[in-house]
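Trainee: What follows is start-v5.pdb; its format and atoms are PDB, C-alpha atoms.
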```
ATOM      1  CA  MET A  11      18.034 133.420  98.287
ATOM      2  CA  ILE A  12      17.745 134.883  94.805
ATOM      3  CA  ALA A  13      14.778 133.763  92.713
ATOM      4  CA  SER A  14      13.093 131.871  95.541
ATOM      5  CA  SER A  15       9.338 131.622  95.472
ATOM      6  CA  PHE A  16       7.308 133.527  98.038
ATOM      7  CA  TRP A  17       6.425 130.392  99.986
ATOM      8  CA  LEU A  18       9.343 127.956  99.800
ATOM      9  CA  PRO A  19      12.495 127.682  97.653
ATOM     10  CA  PRO A  20      12.367 125.290  94.690
ATOM     11  CA  ASN A  21      12.315 121.626  95.597
ATOM     12  CA  ILE A  22      14.837 119.395  93.798
ATOM     13  CA  ALA A  23      14.783 116.468  96.253
ATOM     14  CA  GLU A  24      13.108 113.127  95.646
ATOM     15  CA  ARG A  25      11.220 113.258  98.960
ATOM     16  CA  GLY A  26      11.093 117.024  99.316
ATOM     17  CA  SER A  27       7.377 117.282  98.543
ATOM     18  CA  GLU A  28       6.478 115.295 101.670
ATOM     19  CA  ILE A  29       8.532 117.636 103.832
ATOM     20  CA  ASP A  30       6.934 120.634 102.105
ATOM     21  CA  ILE A  31       3.468 119.288 102.947
ATOM     22  CA  ILE A  32       4.365 119.130 106.630
ATOM     23  CA  ILE A  33       5.833 122.636 106.539
ATOM     24  CA  SER A  34       2.714 123.980 104.794
ATOM     25  CA  TYR A  35       0.306 122.351 107.253
ATOM     26  CA  LEU A  36       2.370 123.571 110.189
ATOM     27  CA  HIS A  37       2.466 127.165 108.945
ATOM     28  CA  ILE A  38      -1.265 127.186 108.204
ATOM     29  CA  PHE A  39      -2.029 125.825 111.657
ATOM     30  CA  MET A  40       0.269 128.365 113.339
ATOM     31  CA  ALA A  41      -1.277 131.208 111.312
ATOM     32  CA  VAL A  42      -4.785 130.199 112.406
ATOM     33  CA  LEU A  43      -3.616 129.775 115.991
ATOM     34  CA  PHE A  44      -1.938 133.189 115.926
ATOM     35  CA  VAL A  45      -5.104 134.918 114.690
ATOM     36  CA  VAL A  46      -7.420 133.082 117.100
ATOM     37  CA  TRP A  47      -5.265 133.708 120.168
ATOM     38  CA  GLY A  48      -4.723 137.312 119.057
ATOM     39  CA  VAL A  49      -8.472 137.889 118.858
ATOM     40  CA  TYR A  50      -8.969 136.175 122.221
ATOM     41  CA  PHE A  51      -6.243 138.312 123.779
ATOM     42  CA  ALA A  52      -7.880 141.504 122.475
ATOM     43  CA  TYR A  53     -11.237 140.288 123.799
ATOM     44  CA  CYS A  54      -9.749 139.709 127.259
ATOM     45  CA  LEU A  55      -8.194 143.182 127.300
ATOM     46  CA  VAL A  56     -11.604 144.729 126.662
ATOM     47  CA  ARG A  57     -13.805 142.297 128.593
ATOM     48  CA  PHE A  58     -11.732 142.315 131.767
ATOM     49  CA  ARG A  59     -10.498 145.903 131.762
ATOM     50  CA  ALA A  60     -10.126 147.591 135.128
ATOM     51  CA  SER A  61     -12.918 150.124 134.552
ATOM     52  CA  ALA A  62     -15.435 147.345 133.919
ATOM     53  CA  ASN A  63     -14.118 145.130 136.717
ATOM     54  CA  PRO A  64     -13.076 147.354 139.637
ATOM     55  CA  THR A  65     -12.998 144.387 142.046
ATOM     56  CA  ALA A  66     -10.567 141.553 141.382
ATOM     57  CA  THR A  67     -11.896 137.975 141.264
ATOM     58  CA  TYR A  68      -9.665 135.305 142.827
ATOM     59  CA  ALA A  69     -11.754 132.236 142.025
ATOM     60  CA  ASP A  70     -10.503 129.702 139.488
ATOM     61  CA  ALA A  71     -11.602 130.233 135.892
ATOM     62  CA  LYS A  72     -14.479 127.962 134.880
ATOM     63  CA  ALA A  73     -14.931 128.926 131.243
ATOM     64  CA  LYS A  74     -15.670 125.840 129.127
ATOM     65  CA  THR A  75     -14.861 127.605 125.847
ATOM     66  CA  SER A  76     -11.201 128.208 126.673
ATOM     67  CA  LYS A  77     -10.767 124.614 127.852
ATOM     68  CA  ALA A  78     -12.332 123.311 124.661
ATOM     69  CA  ALA A  79     -10.003 125.522 122.612
ATOM     70  CA  GLU A  80      -6.981 124.150 124.460
ATOM     71  CA  VAL A  81      -8.130 120.587 123.794
ATOM     72  CA  ILE A  82      -8.598 121.349 120.090
ATOM     73  CA  VAL A  83      -5.084 122.815 119.871
ATOM     74  CA  ILE A  84      -3.609 119.733 121.560
ATOM     75  CA  VAL A  85      -5.491 117.406 119.205
ATOM     76  CA  ILE A  86      -4.330 119.281 116.095
ATOM     77  CA  GLU A  87      -0.724 119.312 117.346
ATOM     78  CA  ALA A  88      -0.949 115.567 118.016
ATOM     79  CA  ILE A  89      -2.282 114.966 114.481
ATOM     80  CA  LEU A  90       0.559 116.997 112.952
ATOM     81  CA  LEU A  91       3.157 115.194 115.052
ATOM     82  CA  VAL A  92       1.838 111.624 115.050
ATOM     83  CA  GLY A  93       0.001 111.642 111.737
ATOM     84  CA  PHE A  94       2.525 113.517 109.575
ATOM     85  CA  SER A  95       5.909 114.393 111.092
ATOM     86  CA  ILE A  96       6.800 111.120 112.829
ATOM     87  CA  PRO A  97       5.819 108.820 109.893
ATOM     88  CA  VAL A  98       7.794 110.864 107.344
ATOM     89  CA  TRP A  99      10.803 111.169 109.632
ATOM     90  CA  ALA A 100      10.684 107.479 110.593
ATOM     91  CA  TYR A 101      10.435 106.400 106.944
ATOM     92  CA  TYR A 102      13.262 108.716 105.966
ATOM     93  CA  ARG A 103      15.558 107.759 108.840
ATOM     94  CA  SER A 104      14.830 104.025 108.935
ATOM     95  CA  GLU A 105      15.558 103.231 105.302
ATOM     96  CA  PRO A 106      19.073 104.289 104.282
ATOM     97  CA  PRO A 107      20.004 103.420 100.706
ATOM     98  CA  THR A 108      21.208  99.826 100.517
ATOM     99  CA  ALA A 109      24.246  98.570  98.595
ATOM    100  CA  ASP A 110      22.086  97.304  95.712
ATOM    101  CA  LYS A 111      21.075 100.922  95.003
ATOM    102  CA  ASN A 112      24.748 101.868  94.549
ATOM    103  CA  PRO A 113      24.695 105.007  96.732
ATOM    104  CA  LEU A 114      27.521 107.518  96.565
ATOM    105  CA  THR A 115      28.994 107.569 100.072
ATOM    106  CA  VAL A 116      30.847 110.729 101.055
ATOM    107  CA  ARG A 117      32.262 112.017 104.338
ATOM    108  CA  VAL A 118      31.495 115.650 105.227
ATOM    109  CA  VAL A 119      33.673 117.096 107.978
ATOM    110  CA  ALA A 120      32.516 120.478 109.280
ATOM    111  CA  GLN A 121      34.854 122.983 110.903
ATOM    112  CA  GLN A 122      34.987 126.679 111.698
ATOM    113  CA  PHE A 123      34.202 127.847 109.063
ATOM    114  CA  ALA A 124      34.223 125.440 106.118
ATOM    115  CA  TRP A 125      32.878 122.166 104.774
ATOM    116  CA  ASN A 126      35.443 119.472 103.960
ATOM    117  CA  ILE A 127      34.125 116.935 101.449
ATOM    118  CA  HIS A 128      35.958 113.577 101.472
ATOM    119  CA  TYR A 129      35.397 111.235  98.518
ATOM    120  CA  PRO A 130      36.627 107.637  98.830
ATOM    121  CA  GLY A 131      37.716 107.140  95.224
ATOM    122  CA  PRO A 132      36.794 104.335  92.781
ATOM    123  CA  ASP A 133      37.597 101.634  95.363
ATOM    124  CA  GLY A 134      34.830 102.951  97.627
ATOM    125  CA  LYS A 135      37.122 102.856 100.656
ATOM    126  CA  PHE A 136      38.039 105.895 102.732
ATOM    127  CA  GLY A 137      41.647 106.431 103.669
ATOM    128  CA  LYS A 138      42.525 106.677 107.351
ATOM    129  CA  THR A 139      42.778 110.033 109.092
ATOM    130  CA  ARG A 140      44.650 111.177 112.180
ATOM    131  CA  PRO A 141      44.077 114.494 114.021
ATOM    132  CA  GLU A 142      47.794 115.204 114.415
ATOM    133  CA  LEU A 143      48.193 115.253 110.617
ATOM    134  CA  ILE A 144      45.674 118.060 110.098
ATOM    135  CA  ASP A 145      47.040 120.984 108.112
ATOM    136  CA  GLU A 146      44.346 123.571 107.385
ATOM    137  CA  ALA A 147      45.934 124.522 104.063
ATOM    138  CA  LEU A 148      47.210 121.173 102.748
ATOM    139  CA  ASN A 149      45.447 118.408 104.674
ATOM    140  CA  PRO A 150      42.285 119.767 106.367
ATOM    141  CA  ILE A 151      40.983 116.372 107.537
ATOM    142  CA  GLY A 152      44.312 114.744 108.450
ATOM    143  CA  LEU A 153      44.552 112.020 105.796
ATOM    144  CA  VAL A 154      47.505 109.671 106.247
ATOM    145  CA  ASP A 155      50.072 109.148 103.516
ATOM    146  CA  ALA A 156      49.273 106.652 100.758
ATOM    147  CA  SER A 157      52.314 104.604 101.747
ATOM    148  CA  GLU A 158      50.723 103.994 105.137
ATOM    149  CA  ASP A 159      47.216 103.290 103.841
ATOM    150  CA  PRO A 160      46.698 102.235 100.193
ATOM    151  CA  ASN A 161      43.003 103.181 100.430
ATOM    152  CA  ARG A 162      44.065 106.811 100.736
ATOM    153  CA  ALA A 163      45.767 106.878  97.312
ATOM    154  CA  ASP A 164      42.615 107.574  95.283
ATOM    155  CA  ASP A 165      40.786 109.703  97.878
ATOM    156  CA  TYR A 166      39.811 113.238  96.957
ATOM    157  CA  VAL A 167      39.143 116.183  99.276
ATOM    158  CA  SER A 168      37.202 119.281  98.250
ATOM    159  CA  VAL A 169      36.644 122.364 100.399
ATOM    160  CA  ASN A 170      33.216 124.030 100.233
ATOM    161  CA  ILE A 171      32.283 122.465  96.883
ATOM    162  CA  PHE A 172      30.247 119.265  96.950
ATOM    163  CA  HIS A 173      29.865 117.491  93.590
ATOM    164  CA  ILE A 174      27.118 114.873  93.286
ATOM    165  CA  PRO A 175      25.317 113.057  90.442
ATOM    166  CA  LYS A 176      21.634 113.549  89.699
ATOM    167  CA  ASP A 177      19.150 110.714  90.355
ATOM    168  CA  ARG A 178      21.520 108.738  92.570
ATOM    169  CA  ASP A 179      21.260 108.159  96.303
ATOM    170  CA  ILE A 180      23.815 110.188  98.239
ATOM    171  CA  LEU A 181      24.817 108.878 101.664
ATOM    172  CA  VAL A 182      26.654 111.472 103.743
ATOM    173  CA  ARG A 183      28.633 110.505 106.835
ATOM    174  CA  LEU A 184      28.518 113.790 108.712
ATOM    175  CA  THR A 185      30.797 114.888 111.542
ATOM    176  CA  SER A 186      32.600 117.933 112.947
ATOM    177  CA  LYS A 187      36.153 118.489 114.095
ATOM    178  CA  ASP A 188      35.518 121.388 116.482
ATOM    179  CA  VAL A 189      32.046 122.640 117.524
ATOM    180  CA  ILE A 190      28.442 121.798 116.664
ATOM    181  CA  HIS A 191      27.506 122.810 113.120
ATOM    182  CA  SER A 192      24.381 122.107 111.050
ATOM    183  CA  PHE A 193      24.585 120.854 107.470
ATOM    184  CA  ALA A 194      21.669 122.447 105.607
ATOM    185  CA  VAL A 195      20.793 122.345 101.900
ATOM    186  CA  PRO A 196      17.403 124.121 101.589
ATOM    187  CA  LEU A 197      16.689 123.091  97.979
ATOM    188  CA  LEU A 198      17.220 119.429  98.917
ATOM    189  CA  ARG A 199      15.241 119.824 102.161
ATOM    190  CA  VAL A 200      18.244 118.521 104.114
ATOM    191  CA  LYS A 201      19.277 119.650 107.587
ATOM    192  CA  GLN A 202      21.297 117.743 110.174
ATOM    193  CA  ASP A 203      23.486 118.822 113.076
ATOM    194  CA  ALA A 204      27.153 117.846 112.856
ATOM    195  CA  ILE A 205      28.377 116.762 116.305
ATOM    196  CA  PRO A 206      32.059 116.504 117.294
ATOM    197  CA  GLY A 207      33.018 112.898 118.039
ATOM    198  CA  MET A 208      29.955 111.483 116.250
ATOM    199  CA  GLU A 209      29.410 110.382 112.656
ATOM    200  CA  ILE A 210      25.774 110.828 111.679
ATOM    201  CA  PRO A 211      24.434 109.392 108.404
ATOM    202  CA  ILE A 212      22.046 111.399 106.234
ATOM    203  CA  TRP A 213      20.881 110.622 102.710
ATOM    204  CA  PHE A 214      19.071 112.305  99.853
ATOM    205  CA  LYS A 215      18.631 112.203  96.074
ATOM    206  CA  ALA A 216      18.654 115.222  93.767
ATOM    207  CA  THR A 217      16.195 115.157  90.868
ATOM    208  CA  LYS A 218      17.641 118.101  88.922
ATOM    209  CA  THR A 219      21.111 119.209  87.896
ATOM    210  CA  SER A 220      22.547 122.593  88.833
ATOM    211  CA  GLU A 221      21.851 123.877  85.308
ATOM    212  CA  GLU A 222      18.228 122.737  85.465
ATOM    213  CA  THR A 223      17.855 124.328  88.885
ATOM    214  CA  GLN A 224      19.384 127.534  87.589
ATOM    215  CA  LYS A 225      16.779 127.698  84.823
ATOM    216  CA  ILE A 226      13.984 127.245  87.360
ATOM    217  CA  MET A 227      15.380 130.100  89.430
ATOM    218  CA  THR A 228      15.925 132.492  86.507
ATOM    219  CA  ARG A 229      13.965 135.721  86.878
ATOM    220  CA  ALA A 230      13.632 138.900  84.815
ATOM    221  CA  TYR A 231      14.941 142.092  86.443
ATOM    222  CA  ALA A 232      14.410 145.664  85.233
ATOM    223  CA  VAL A 233      17.601 147.441  84.187
ATOM    224  CA  PRO A 234      18.124 150.931  85.680
ATOM    225  CA  GLU A 235      17.880 153.791  83.187
ATOM    226  CA  SER A 236      21.347 155.027  84.157
ATOM    227  CA  ALA A 237      24.589 153.305  85.163
ATOM    228  CA  ALA A 238      25.162 156.010  87.774
ATOM    229  CA  GLY A 239      23.206 156.859  90.881
ATOM    230  CA  ARG A 240      21.789 155.056  93.869
ATOM    231  CA  ARG A 241      19.459 152.773  91.915
ATOM    232  CA  ALA A 242      22.258 151.502  89.673
ATOM    233  CA  GLU A 243      24.559 150.988  92.664
ATOM    234  CA  LYS A 244      21.866 149.061  94.494
ATOM    235  CA  PHE A 245      21.181 146.926  91.411
ATOM    236  CA  ILE A 246      24.857 145.984  91.061
ATOM    237  CA  ASN A 247      25.446 145.409  94.765
ATOM    238  CA  ARG A 248      22.410 143.160  95.035
ATOM    239  CA  ASN A 249      23.195 141.043  91.996
ATOM    240  CA  ARG A 250      26.950 141.028  91.393
ATOM    241  CA  LEU A 251      28.950 137.899  92.164
ATOM    242  CA  LEU A 252      25.744 136.024  92.877
ATOM    243  CA  ILE A 253      24.148 135.721  89.465
ATOM    244  CA  THR A 254      24.780 134.803  85.860
ATOM    245  CA  MET A 255      23.426 136.393  82.732
ATOM    246  CA  SER A 256      21.295 134.675  80.091
ATOM    247  CA  LYS A 257      21.265 136.049  76.525
ATOM    248  CA  ASN A 258      21.038 139.769  77.178
ATOM    249  CA  GLY A 259      22.236 141.843  74.228
ATOM    250  CA  SER A 260      26.001 141.761  73.745
ATOM    251  CA  VAL A 261      26.631 140.497  77.294
ATOM    252  CA  PRO A 262      27.497 136.777  76.975
ATOM    253  CA  ALA A 263      25.423 134.133  78.705
ATOM    254  CA  GLY A 264      26.950 132.874  81.932
ATOM    255  CA  THR A 265      28.682 136.171  82.687
ATOM    256  CA  THR A 266      28.744 137.474  86.238
ATOM    257  CA  LEU A 267      27.109 140.895  86.304
ATOM    258  CA  THR A 268      29.410 143.896  86.887
ATOM    259  CA  ALA A 269      29.104 147.671  86.617
ATOM    260  CA  GLU A 270      30.682 147.546  83.152
ATOM    261  CA  HIS A 271      28.090 145.003  82.045
ATOM    262  CA  LEU A 272      25.354 147.298  83.301
ATOM    263  CA  LYS A 273      26.734 150.122  81.143
ATOM    264  CA  THR A 274      26.783 147.768  78.146
ATOM    265  CA  LEU A 275      23.187 146.689  78.741
ATOM    266  CA  ILE A 276      22.015 150.302  78.940
ATOM    267  CA  ALA A 277      23.973 151.198  75.781
ATOM    268  CA  ASP A 278      22.354 148.260  73.968
ATOM    269  CA  GLY A 279      18.916 149.492  74.969
ATOM    270  CA  ILE A 280      18.197 146.455  77.151
ATOM    271  CA  THR A 281      15.452 147.224  79.673
ATOM    272  CA  SER A 282      15.163 143.786  81.304
ATOM    273  CA  VAL A 283      17.722 141.064  82.032
ATOM    274  CA  ASP A 284      17.384 137.419  82.980
ATOM    275  CA  LEU A 285      19.322 136.688  86.152
ATOM    276  CA  ALA A 286      19.869 133.505  88.140
ATOM    277  CA  PRO A 287      22.219 132.403  90.935
ATOM    278  CA  ALA A 288      25.641 131.318  89.676
ATOM    279  CA  PHE A 289      25.535 128.551  92.306
ATOM    280  CA  PRO A 290      21.836 127.806  92.870
ATOM    281  CA  VAL A 291      22.265 124.961  95.393
ATOM    282  CA  ASN A 292      23.790 126.317  98.597
ATOM    283  CA  ILE A 293      25.216 124.493 101.605
ATOM    284  CA  GLN A 294      24.587 126.519 104.739
ATOM    285  CA  CYS A 295      25.443 126.170 108.397
ATOM    286  CA  ALA A 296      22.151 126.404 110.297
ATOM    287  CA  GLN A 297      23.757 126.412 113.748
ATOM    288  CA  LEU A 298      25.432 129.465 115.275
ATOM    289  CA  CYS A 299      29.020 128.187 115.438
ATOM    290  CA  GLY A 300      31.177 131.241 116.105
ATOM    291  CA  LEU A 301      32.040 134.711 114.828
ATOM    292  CA  GLY A 302      32.561 133.453 111.274
ATOM    293  CA  HIS A 303      29.264 131.553 111.133
ATOM    294  CA  TYR A 304      27.836 133.944 108.533
ATOM    295  CA  ARG A 305      30.488 132.966 105.972
ATOM    296  CA  MET A 306      30.341 129.193 106.518
ATOM    297  CA  LYS A 307      28.744 128.378 103.213
ATOM    298  CA  GLY A 308      29.496 126.052 100.364
ATOM    299  CA  GLN A 309      28.087 125.100  97.009
ATOM    300  CA  MET A 310      26.641 121.837  95.745
ATOM    301  CA  VAL A 311      27.206 121.099  92.070
ATOM    302  CA  ILE A 312      24.759 118.526  90.688
ATOM    303  CA  HIS A 313      25.779 116.727  87.481
ATOM    304  CA  GLU A 314      24.247 114.275  85.097
ATOM    305  CA  SER A 315      25.624 110.823  85.882
ATOM    306  CA  ASP A 316      28.127 110.736  83.005
ATOM    307  CA  ASP A 317      29.255 114.289  83.688
ATOM    308  CA  TYR A 318      29.870 113.423  87.329
ATOM    309  CA  GLU A 319      32.042 110.453  86.399
ATOM    310  CA  ALA A 320      33.981 112.652  83.992
ATOM    311  CA  TRP A 321      34.467 115.299  86.671
ATOM    312  CA  PHE A 322      35.662 112.782  89.242
ATOM    313  CA  ALA A 323      38.115 111.232  86.799
ATOM    314  CA  GLU A 324      39.766 114.647  86.431
ATOM    315  CA  ALA A 325      39.396 115.811  90.046
ATOM    316  CA  GLY A 326      42.564 117.271  91.519
ATOM    317  CA  VAL A 327      43.984 117.050  95.023
ATOM    318  CA  GLU A 328      41.921 119.876  96.435
ATOM    319  CA  GLU A 329      39.258 122.278  95.228
ATOM    320  CA  VAL A 330      38.389 125.452  97.123
ATOM    321  CA  PHE A 331      35.285 127.597  96.709
ATOM    322  CA  GLU A 332      36.109 131.263  97.241
ATOM    323  CA  ASP A 333      33.484 133.043  99.279
ATOM    324  CA  ASP A 334      31.685 135.948  97.546
ATOM    325  CA  GLU A 335      32.845 138.410 100.174
ATOM    326  CA  GLU A 336      36.431 137.258  99.816
ATOM    327  CA  GLU A 337      36.146 137.897  96.101
ATOM    328  CA  ASP A 338      34.886 141.404  96.901
ATOM    329  CA  ASP A 339      38.126 142.053  98.746
TER
END
```
For this file, write the structure as structure tokens.

Mentor:
Amino acid sequence: MIASSFWLPPNIAERGSEIDIIISYLHIFMAVLFVVWGVYFAYCLVRFRASANPTATYADAKAKTSKAAEVIVIVIEAILLVGFSIPVWAYYRSEPPTADKNPLTVRVVAQQFAWNIHYPGPDGKFGKTRPELIDEALNPIGLVDASEDPNRADDYVSVNIFHIPKDRDILVRLTSKDVIHSFAVPLLRVKQDAIPGMEIPIWFKATKTSEETQKIMTRAYAVPESAAGRRAEKFINRNRLLITMSKNGSVPAGTTLTAEHLKTLIADGITSVDLAPAFPVNIQCAQLCGLGHYRMKGQMVIHESDDYEAWFAEAGVEEVFEDDEEEDD
């Protein structure tokens, strides 16, 4: 991911810091364990080499040090699991947002290879769906006609673009209509398998808008001296379609970088540009779900509360996010 930190990507979730603590402790423990066992393995290779031990010993090992080390490892693993992981997970999973918190409830229906986002409309009621009505182009989740179910009249379906408000609990009813997928939003520290035939609730709260996240992820990149050659080609291929510009000479802010823009930057004498992901909050599938798994990605757009209400009031029948690689074609 562009502009990620060395350790973990930016955290924009209300409870993300607690998850980050667990991840940090786990990685530190595994790093120590890796070094210790590596040293012990090297010691065994030297200590028990064939030249120094020409006769094999078939008696059981009686070394107290190795047994003590195994006990220590078990104790540390138990502390990580019982003392950190289980309490955080239990707290997170046992307290879904209640009605008094006014959560935004949305259905997410995974499929090969897209995310269908189903909003219930101002009435807060989802319209009925039927599998036989599914049309991948016009009705991807099989919504019934409004004449059959009045609750369907104000429903809205988006494909691969998930709009949410900032600082509001989001309750997602997650399912799949074909195989097992995994709904993952790294910046929100969210990951949950989507199982066919099951509807699994997950919830989270974003603390920053997409624009605020974009600013956090903005980085300065050196501009190649020439618009031709391998370095320039690599610079464009790495950054095009994925980033936006931010006040760089005569290239407007919010412009997707192209080869022509690179020529303009060089002509203007710009040696460094500020780049950030055009869509900083990604939805990924974290479960191998078929040949098209690599392109099963969506974008989450996080608004201020008023901006979200304004967006929803103008939302159309369907919104489709075009994959970067499809745009390349």

Trainee: Once the PyMOL selection byres ((chain A and resi 284-286) around 8) is applied to the coordinates I shared, what remains selected? I want it as a PyMOL selection string.

Mentor: chain A and resi 12-13+224-225+227-231+252-258+282-283+287-288+290

Trainee: Would you mind listing what lies within 12 Å of Val167 (chain A) as a ChimeraX atom specification, with only C-alpha atoms counted and same-chain residues fewer than 2 positions away left out?

Mentor: /A:116-119,125-131,136-137,147-153,162-165,169-173,322,325-330

Trainee: Find the residue from A:Tyr166, A:Leu267, A:Val92, A:Trp213 that sits nearest to Arg250 (chain A); use all atoms listed in the file when measuring.

Mentor: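 Among the listed residues, A:Leu267 lies closest to Arg250 (chain A).
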
Trainee: Return the single residue from A:Pro262, A:Pro106, A:Pro141, A:Pro175 that is closest to Trp321 (chain A), with distances computed using only C-alpha atoms.

Mentor: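 Looking only at the distances to Trp321 (chain A), the closest residue turns out to be A:Pro175.
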
Trainee: Using the chain letters and numbers from the file, which residues does the PyMOL selection byres ((chain A and resi 107) around 9) grab, as a list in words?

Mentor: Glu105, Pro106, Thr108, Ala109, Asp110, Lys111, Asn112, Pro113, Asp179, Ile180, Leu181, Trp213 and Phe214 of chain A

Trainee: Point out the residue among A:Thr274, A:Asn161, A:Thr223, A:Ser236 with the least atom-to-atom distance to Lys138 (chain A), counting all atoms listed in the file.

Mentor: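 Closest residue, counting all atoms listed in the file: A:Asn161.
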
Trainee: Can you list what the PyMOL selection byres ((chain A and resi 259) around 7) grabs from this structure, as a short mmCIF file (atom, residue, chain, number, x, y, z; two decimals) with C-alpha atoms, in the frame of the given file?

Mentor:
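out19.cif, written as the output of this step:
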```cif
data_model
loop_
_atom_site.label_atom_id
_atom_site.label_comp_id
_atom_site.auth_asym_id
_atom_site.auth_seq_id
_atom_site.Cartn_x
_atom_site.Cartn_y
_atom_site.Cartn_z
CA LYS A 257 21.26 136.05 76.53
CA ASN A 258 21.04 139.77 77.18
CA SER A 260 26.00 141.76 73.74
CA VAL A 261 26.63 140.50 77.29
CA LEU A 275 23.19 146.69 78.74
CA ASP A 278 22.35 148.26 73.97
CA ILE A 280 18.20 146.46 77.15
#
```

Trainee: Write out as a list of chain:residue names which residues come within 10 Å of Thr268 (chain A) when counting only C-alpha atoms, dropping same-chain ones fewer than 4 positions away.

Mentor: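 Contacts, with the query itself left out: A:Phe245, A:Ile246, A:Asn247, A:Asn249, A:Arg250, A:Leu251, A:Leu272, A:Lys273, A:Thr274.
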
Trainee: Name the residues within 9 Å of (31.2, 116.9, 117.5), counting only C-alpha atoms in the file's coordinates, and put them as a list of chain:residue names.

Mentor: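 Output: A:Thr185, A:Ser186, A:Lys187, A:Asp188, A:Val189, A:Ile190, A:His191, A:Ala204, A:Ile205, A:Pro206, A:Gly207, A:Met208, A:Glu209.
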
Trainee: Which one is closest to Ala277 (chain A): A:Arg240, A:Gly308, A:Pro234, A:Lys176? Count all atoms listed in the file.

Mentor: A:Pro234

Trainee: So which one's closest to Val154 (chain A), A:Thr139, A:Gly264, A:Val81, A:Ser168? Using all atoms listed in the file, please.

Mentor: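 Ranked by minimum distance to Val154 (chain A), first place goes to A:Thr139.
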
Trainee: At a cut-off of 8 Å around the point (28.4, 128.4, 110.5) (file coordinates), what residues fall inside when counting all atoms listed in the file? I'd like the answer as a ChimeraX atom specification.

Mentor: /A:122-124,191-192,294-300,302-307

Trainee: Point out the residue among A:Val49, A:Ala156, A:Ala216, A:Ile22 with the least atom-to-atom distance to Asp177 (chain A), counting all atoms listed in the file.

Mentor: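 Residue with the minimum atom-to-atom distance to Asp177 (chain A): A:Ala216.
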
Trainee: In Å to one decimal, how far is CA of Glu222 (chain A) from CA of Glu270 (chain A)?

Mentor: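 Going from CA of Glu270 (chain A) over to CA of Glu222 (chain A) covers 27.9 Å.
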
Trainee: Report, in Å to a single decimal, how far apart CA of Gln202 (chain A) and CA of Arg183 (chain A) are.

Mentor: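 CA of Gln202 (chain A) lies 10.8 Å from CA of Arg183 (chain A).
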
Trainee: Which distance in Å separates CA of Leu43 (chain A) and CA of Tyr68 (chain A), to one decimal?

Mentor: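 CA of Tyr68 (chain A) lies 28.1 Å from CA of Leu43 (chain A).
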
Trainee: N, CA and C atoms for region 71-82 of chain A, written as a PDB file, keeping the file's coordinate frame, could you do that?

Mentor:
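Saved as result32.pdb:
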```
ATOM      1  N   ALA A  71     -10.815 130.058 137.115  1.00  0.00           N
ATOM      2  CA  ALA A  71     -11.602 130.233 135.892  1.00  0.00           C
ATOM      3  C   ALA A  71     -12.380 128.954 135.575  1.00  0.00           C
ATOM      4  N   LYS A  72     -13.637 129.124 135.167  1.00  0.00           N
ATOM      5  CA  LYS A  72     -14.479 127.962 134.880  1.00  0.00           C
ATOM      6  C   LYS A  72     -15.047 127.998 133.459  1.00  0.00           C
ATOM      7  N   ALA A  73     -14.419 128.788 132.610  1.00  0.00           N
ATOM      8  CA  ALA A  73     -14.931 128.926 131.243  1.00  0.00           C
ATOM      9  C   ALA A  73     -14.707 127.637 130.452  1.00  0.00           C
ATOM     10  N   LYS A  74     -15.761 127.068 129.893  1.00  0.00           N
ATOM     11  CA  LYS A  74     -15.670 125.840 129.127  1.00  0.00           C
ATOM     12  C   LYS A  74     -15.095 126.082 127.727  1.00  0.00           C
ATOM     13  N   THR A  75     -15.326 127.306 127.203  1.00  0.00           N
ATOM     14  CA  THR A  75     -14.861 127.605 125.847  1.00  0.00           C
ATOM     15  C   THR A  75     -13.349 127.563 125.749  1.00  0.00           C
ATOM     16  N   SER A  76     -12.659 128.178 126.716  1.00  0.00           N
ATOM     17  CA  SER A  76     -11.201 128.208 126.673  1.00  0.00           C
ATOM     18  C   SER A  76     -10.617 126.805 126.822  1.00  0.00           C
ATOM     19  N   LYS A  77     -11.253 125.989 127.677  1.00  0.00           N
ATOM     20  CA  LYS A  77     -10.767 124.614 127.852  1.00  0.00           C
ATOM     21  C   LYS A  77     -10.958 123.803 126.579  1.00  0.00           C
ATOM     22  N   ALA A  78     -12.080 124.015 125.922  1.00  0.00           N
ATOM     23  CA  ALA A  78     -12.332 123.311 124.661  1.00  0.00           C
ATOM     24  C   ALA A  78     -11.316 123.724 123.596  1.00  0.00           C
ATOM     25  N   ALA A  79     -10.992 125.029 123.574  1.00  0.00           N
ATOM     26  CA  ALA A  79     -10.003 125.522 122.612  1.00  0.00           C
ATOM     27  C   ALA A  79      -8.638 124.891 122.856  1.00  0.00           C
ATOM     28  N   GLU A  80      -8.261 124.765 124.125  1.00  0.00           N
ATOM     29  CA  GLU A  80      -6.981 124.150 124.460  1.00  0.00           C
ATOM     30  C   GLU A  80      -6.939 122.691 124.030  1.00  0.00           C
ATOM     31  N   VAL A  81      -8.063 121.989 124.206  1.00  0.00           N
ATOM     32  CA  VAL A  81      -8.130 120.587 123.794  1.00  0.00           C
ATOM     33  C   VAL A  81      -7.997 120.473 122.277  1.00  0.00           C
ATOM     34  N   ILE A  82      -8.673 121.364 121.553  1.00  0.00           N
ATOM     35  CA  ILE A  82      -8.598 121.349 120.090  1.00  0.00           C
ATOM     36  C   ILE A  82      -7.167 121.575 119.611  1.00  0.00           C
TER      37      ILE A  82
END
```
